[in-house]
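Q: This is the content of run07.txt (compact mmCIF, C-alpha atoms):
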# COMPACT_ATOMS: atom_id res chain seq x y z
CA MET G 22 -15.59 -13.34 38.76
CA ARG G 23 -16.06 -11.97 35.23
CA ARG G 24 -13.13 -10.09 33.66
CA SER G 25 -13.95 -6.67 32.27
CA THR G 26 -13.76 -6.19 28.53
CA ALA G 27 -11.40 -3.77 26.83
CA ALA G 28 -14.35 -1.51 26.05
CA GLU G 29 -15.43 -1.50 29.70
CA ARG G 30 -11.90 -0.61 30.79
CA LEU G 31 -11.77 2.22 28.22
CA ARG G 32 -15.14 3.57 29.40
CA ALA G 33 -13.97 3.42 33.02
CA ALA G 34 -10.91 5.46 31.98
CA GLY G 35 -13.18 8.14 30.50
CA GLN G 36 -12.85 7.14 26.86
CA PRO G 37 -15.96 7.74 24.67
CA ILE G 38 -16.55 4.09 23.74
CA GLY G 39 -20.29 3.44 23.62
CA ASP G 40 -22.40 0.35 23.21
CA VAL G 41 -21.64 -2.50 20.84
CA TYR G 42 -23.29 -1.80 17.50
CA LEU G 43 -22.14 -5.02 15.79
CA GLY G 44 -20.72 -7.88 17.80
CA ARG G 45 -17.74 -9.93 16.66
CA ASP G 46 -19.92 -13.00 15.95
CA GLU G 47 -22.33 -11.02 13.77
CA ILE G 48 -19.41 -9.46 11.88
CA ALA G 49 -17.72 -12.85 11.44
CA ALA G 50 -20.90 -14.43 10.09
CA ARG G 51 -21.42 -11.63 7.57
CA VAL G 52 -17.78 -11.73 6.46
CA GLU G 53 -18.17 -15.49 5.84
CA GLU G 54 -21.27 -14.77 3.71
CA LEU G 55 -19.41 -12.10 1.74
CA GLY G 56 -16.52 -14.52 1.23
CA ALA G 57 -18.89 -17.12 -0.21
CA GLU G 58 -20.54 -14.55 -2.53
CA ILE G 59 -17.20 -13.28 -3.77
CA ALA G 60 -15.75 -16.79 -4.18
CA ALA G 61 -18.75 -17.74 -6.35
CA ALA G 62 -18.31 -14.64 -8.51
CA TYR G 63 -14.56 -15.15 -8.96
CA ARG G 64 -14.41 -18.97 -9.03
CA ASP G 65 -12.64 -18.99 -12.42
CA ALA G 66 -10.32 -16.07 -11.70
CA LEU G 67 -7.39 -15.12 -9.51
CA PRO G 68 -8.59 -11.83 -8.02
CA VAL G 69 -6.34 -9.38 -6.26
CA LEU G 70 -7.88 -7.83 -3.16
CA VAL G 71 -6.66 -4.27 -2.62
CA ALA G 72 -7.28 -2.42 0.63
CA PRO G 73 -6.33 1.01 1.86
CA LEU G 74 -4.37 0.99 5.10
CA LYS G 75 -5.01 1.12 8.04
CA SER G 76 -8.65 0.75 8.96
CA SER G 77 -9.42 -1.85 6.27
CA ALA G 78 -6.63 -4.20 7.40
CA VAL G 79 -8.74 -6.26 9.84
CA PHE G 80 -11.60 -6.65 7.34
CA LEU G 81 -9.11 -7.53 4.57
CA ALA G 82 -7.52 -10.26 6.72
CA ASP G 83 -10.84 -11.80 7.74
CA LEU G 84 -12.26 -11.60 4.22
CA SER G 85 -9.11 -13.22 2.83
CA ARG G 86 -9.54 -16.16 5.22
CA ALA G 87 -13.23 -16.43 4.27
CA LEU G 88 -12.45 -16.71 0.53
CA GLU G 89 -12.17 -20.35 -0.45
CA ILE G 90 -10.52 -19.52 -3.77
CA ASP G 91 -6.97 -18.55 -4.66
CA HIS G 92 -6.44 -14.81 -4.51
CA GLU G 93 -3.74 -12.24 -3.92
CA LEU G 94 -3.54 -9.29 -1.55
CA ASP G 95 -2.10 -5.82 -1.93
CA VAL G 96 -2.42 -2.57 0.01
CA ILE G 97 -2.24 1.13 -0.64
CA GLU G 98 -1.99 4.02 1.76
CA LEU G 99 -3.86 7.27 1.31
CA ALA G 100 -3.86 10.56 3.19
CA PRO G 101 -6.14 13.58 3.00
CA TYR G 102 -4.83 16.71 1.33
CA GLY G 103 -4.12 19.42 3.86
CA SER G 104 -4.80 19.07 7.54
CA GLY G 105 -8.53 18.34 7.27
CA ARG G 106 -10.00 14.89 7.56
CA ALA G 107 -12.67 15.19 4.89
CA GLY G 108 -13.73 17.11 1.84
CA GLY G 109 -10.31 18.00 0.43
CA GLY G 110 -9.52 14.90 -1.57
CA VAL G 111 -6.83 12.31 -1.05
CA ARG G 112 -3.24 11.71 -2.04
CA LEU G 113 -1.39 8.44 -2.48
CA LEU G 114 1.34 7.66 0.08
CA LYS G 115 1.99 4.02 -0.86
CA ASP G 116 1.09 2.54 -4.23
CA LEU G 117 0.48 -1.08 -5.14
CA ASP G 118 3.35 -3.55 -5.35
CA ARG G 119 2.23 -5.11 -8.65
CA PRO G 120 0.53 -3.97 -11.86
CA LEU G 121 -3.24 -4.35 -12.30
CA GLU G 122 -3.32 -4.74 -16.07
CA GLY G 123 -5.49 -7.72 -17.02
CA ARG G 124 -6.27 -8.51 -13.37
CA ASP G 125 -9.60 -8.93 -11.61
CA VAL G 126 -9.42 -6.29 -8.88
CA LEU G 127 -11.61 -6.16 -5.78
CA LEU G 128 -11.24 -3.01 -3.67
CA VAL G 129 -11.78 -3.79 0.03
CA GLU G 130 -13.06 -0.84 2.08
CA ASP G 131 -13.97 -0.55 5.74
CA VAL G 132 -16.58 2.22 5.31
CA VAL G 133 -18.04 3.85 2.21
CA ASP G 134 -20.03 6.99 2.83
CA THR G 135 -19.48 9.97 0.50
CA GLY G 136 -17.80 7.66 -2.02
CA LEU G 137 -15.02 10.18 -2.68
CA THR G 138 -12.19 7.81 -1.72
CA LEU G 139 -13.71 4.84 -3.54
CA GLY G 140 -14.39 7.06 -6.56
CA PHE G 141 -10.76 8.21 -6.57
CA LEU G 142 -9.50 4.62 -6.34
CA THR G 143 -11.92 3.38 -9.00
CA ARG G 144 -10.84 6.08 -11.47
CA SER G 145 -7.16 5.62 -10.65
CA PHE G 146 -7.25 1.82 -10.97
CA ALA G 147 -9.43 1.84 -14.11
CA GLU G 148 -6.60 3.71 -15.88
CA ARG G 149 -4.31 0.74 -15.15
CA GLY G 150 -6.27 -1.63 -17.40
CA PRO G 151 -7.74 -4.25 -15.05
CA ALA G 152 -9.91 -7.02 -16.51
CA SER G 153 -12.57 -6.13 -13.94
CA LEU G 154 -12.93 -3.73 -11.04
CA ALA G 155 -15.40 -4.04 -8.17
CA ALA G 156 -15.57 -3.13 -4.50
CA VAL G 157 -16.67 -4.61 -1.20
CA THR G 158 -17.25 -2.67 2.00
CA LEU G 159 -17.92 -3.79 5.52
CA LEU G 160 -20.00 -0.69 6.34
CA ASP G 161 -22.04 1.42 3.92
CA ARG G 162 -23.75 4.77 4.37
CA PRO G 163 -25.45 5.23 0.99
CA TYR G 164 -27.47 8.25 2.15
CA ARG G 165 -24.19 10.24 2.44
CA ARG G 166 -23.08 9.47 -1.13
CA LEU G 167 -21.66 12.37 -3.15
CA VAL G 168 -20.27 10.16 -5.93
CA ASP G 169 -22.62 7.96 -7.95
CA ASP G 170 -20.24 6.15 -10.31
CA ILE G 171 -18.62 3.75 -7.86
CA SER G 172 -18.55 0.01 -8.40
CA LEU G 173 -19.72 -1.12 -4.96
CA HIS G 174 -20.88 -4.71 -5.50
CA TYR G 175 -20.76 -6.21 -2.00
CA VAL G 176 -21.95 -4.63 1.25
CA GLY G 177 -21.59 -6.07 4.72
CA PHE G 178 -23.91 -3.76 6.67
CA THR G 179 -25.74 -0.52 5.99
CA VAL G 180 -25.18 1.62 9.07
CA PRO G 181 -26.45 4.91 10.51
CA ASP G 182 -24.48 8.14 10.51
CA GLU G 183 -22.52 7.34 13.66
CA LEU G 184 -18.83 7.31 14.45
CA PHE G 185 -17.59 3.77 15.09
CA ALA G 186 -14.52 2.25 16.70
CA GLY G 187 -13.24 -1.30 16.80
CA TYR G 188 -12.73 -4.05 14.23
CA GLY G 189 -9.96 -1.97 12.65
CA LEU G 190 -11.71 1.40 12.82
CA GLY G 191 -10.21 3.96 15.12
CA LEU G 192 -9.87 7.60 15.88
CA ASP G 193 -6.43 9.18 16.12
CA GLU G 194 -4.98 5.64 15.88
CA ARG G 195 -6.82 4.45 19.00
CA TRP G 196 -9.41 1.73 19.64
CA ARG G 197 -8.75 -0.25 16.40
CA ALA G 198 -8.11 -3.49 18.32
CA LEU G 199 -11.54 -3.71 19.93
CA PRO G 200 -13.05 -6.96 18.59
CA ASP G 201 -16.60 -5.59 18.37
CA LEU G 202 -17.78 -2.50 16.52
CA HIS G 203 -18.74 0.18 19.04
CA VAL G 204 -20.50 3.49 18.68
CA VAL G 205 -18.25 6.36 19.74
CA VAL G 206 -20.05 8.78 22.03
CA ALA G 207 -19.52 11.96 20.02
CA ASP G 208 -20.50 14.30 22.87
CA GLU G 209 -17.55 12.98 24.87
CA LEU G 210 -14.95 13.20 22.09
CA PRO G 211 -13.41 16.63 22.75
CA VAL G 212 -12.91 15.82 26.44
CA ALA G 213 -11.40 12.39 25.68
CA ILE G 214 -9.05 13.75 23.01
CA ASP G 215 -7.91 16.66 25.20
CA ALA G 216 -7.21 14.21 28.05
CA ALA G 217 -5.10 11.91 25.85
Show how you would write the structure in this file as structure tokens.
A:
Amino acid sequence: MRRSTAAERLRAAGQPIGDVYLGRDEIAARVEELGAEIAAAYRDALPVLVAPLKSSAVFLADLSRALEIDHELDVIELAPYGSGRAGGGVRLLKDLDRPLEGRDVLLVEDVVDTGLTLGFLTRSFAERGPASLAAVTLLDRPYRRLVDDISLHYVGFTVPDELFAGYGLGLDERWRALPDLHVVVADELPVAIDAA
């Protein structure tokens, strides 16, 4: 008898977890490709990979393992201004543990859509004097871009304007541990959140 998956159990419990959009094997293969591209670009450097917590943590860990060059890791934590989730800008909750001056910095993002967060980080980190500054994202939504001057050099997947859960992405701190990337059924969100 086949065991049910975590997503199936969540759906049975009334949670709005939809179909798999990207399976774990497809994600793993693309992360390996990104690792090879980045390793080739930084083969004579010691880059520092910087990721915002929390949703980028899974991608950061997998990308780090895929890089066959020496590199360092650091994390920051951001929060939106005010109570809204979007549009109001961001503030820094946790800064980096080491200086960036003279370093090759690669920002690791889970999703880039409007570009506001990546634009903020790019401007903020550029003031710290890095030798180079680039970014990689697992998911990109270029058609939602509000900021043009971002240094997005590596893209895992270009995705539609859907809400996703799994592979580190969550909603209200839930569903991050799903191994595949699932579409969240937006029509069912208010009911699921009220029931939680």
Q: Tell me which of G:Arg162, G:Arg195, G:Val52, G:Pro200 sits closest to G:Pro181, counting only C-alpha atoms.
A: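 So, comparing all the options, the nearest one is G:Arg162.
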Q: Find the spatial neighbours of G:Asp65, counting only C-alpha atoms, within a cut-off of 12 Å - ignore same-chain residues fewer than 6 positions away - and output them as a compact mmCIF listing (two decimals) with C-alpha atoms, in the coordinates of the input.
A:
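Resulting contents of around09.txt:
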# COMPACT_ATOMS: atom_id res chain seq x y z
CA ILE G 59 -17.20 -13.28 -3.77
CA ILE G 90 -10.52 -19.52 -3.77
CA ASP G 91 -6.97 -18.55 -4.66
CA HIS G 92 -6.44 -14.81 -4.51
CA ASP G 125 -9.60 -8.93 -11.61
Q: Counting all atoms listed in the file, what are the residues of stretch 28-137 of chain G within 12 Å of stretch 164-169 of chain G, and for each of them which pair of atoms is the nearest and at what distance in Å, to one decimal? Sort the table by chain and rising number, as CSV.
A:
residue,atom,partner,partner_atom,distance
G:Gly108,CA,G:Leu167,CA,10.5
G:Val132,CA,G:Arg165,CA,11.4
G:Val133,CA,G:Arg166,CA,8.3
G:Asp134,CA,G:Arg165,CA,5.3
G:Thr135,CA,G:Arg166,CA,4.0
G:Gly136,CA,G:Val168,CA,5.3
G:Leu137,CA,G:Val168,CA,6.2
Q: Excluding G:Leu128 and residues on its chain fewer than 4 positions from it, collect all residues at most 7 Å away from it, counting all atoms listed in the file, and give them as a list in words.
A: Leu70, Val71, Ala72, Ala155, Ala156 and Val157 of chain G
Q: Would you compute the distance between atom CA of G:Leu88 and atom CA of G:Glu130? Give it in Å to one decimal.
A: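 Straight-line distance from atom CA of G:Leu88 to atom CA of G:Glu130 works out to 16.0 Å.
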Q: Can you tell me, as an NGL selection string, what residues are no more than 9 Å from G:Glu89 when counting all atoms listed in the file, ignoring any on the same chain fewer than 3 positions away?
A: :G and (56-57 or 60 or 64 or 85-86 or 92)
Q: Measure the distance from atom CA of G:Asp116 to atom CA of G:Ile171 in Å and round it to one decimal.
A: 20.1 Å
Q: Between atom CA of G:Glu29 and atom CA of G:Val205, what is the spacing in Å?
A: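 That distance, rounded to one decimal, is 13.0 Å.
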Q: Here is a test: counting all atoms listed in the file, which residue of G:Leu160, G:Val96, G:Leu84, G:Leu142 is nearest to G:Glu54?
A: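 Counting all atoms listed in the file, the residue closest to G:Glu54 is G:Leu84.
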Q: Please give the centre and size of the box around stretch 87-91 of chain G (axis-aligned, containing every atom listed in the file, 4 Å added per side), with values in Å to one decimal and written as AutoDock Vina command-line options.
A:
--center_x -10.1 --center_y -18.4 --center_z -0.2 --size_x 14.3 --size_y 11.9 --size_z 16.9
Q: Looking at all atoms listed in the file, which of G:Ala100, G:Ala33, G:Leu94, G:Leu199 is the one that sits closest to G:Arg119?
A: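 Distance minimum relative to G:Arg119 lands on G:Leu94.
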Q: Using all atoms listed in the file for the distances, tell me which of G:Asp131, G:Ala207, G:Leu173, G:Arg112 is nearest to G:Ser77.
A: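 Of the candidates, the smallest distance to G:Ser77 is held by G:Asp131.
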Q: Which is closer to G:Leu139 than all the others in G:Leu117, G:Gly123, G:Leu154, G:Val41, using all atoms listed in the file?
A: G:Leu154
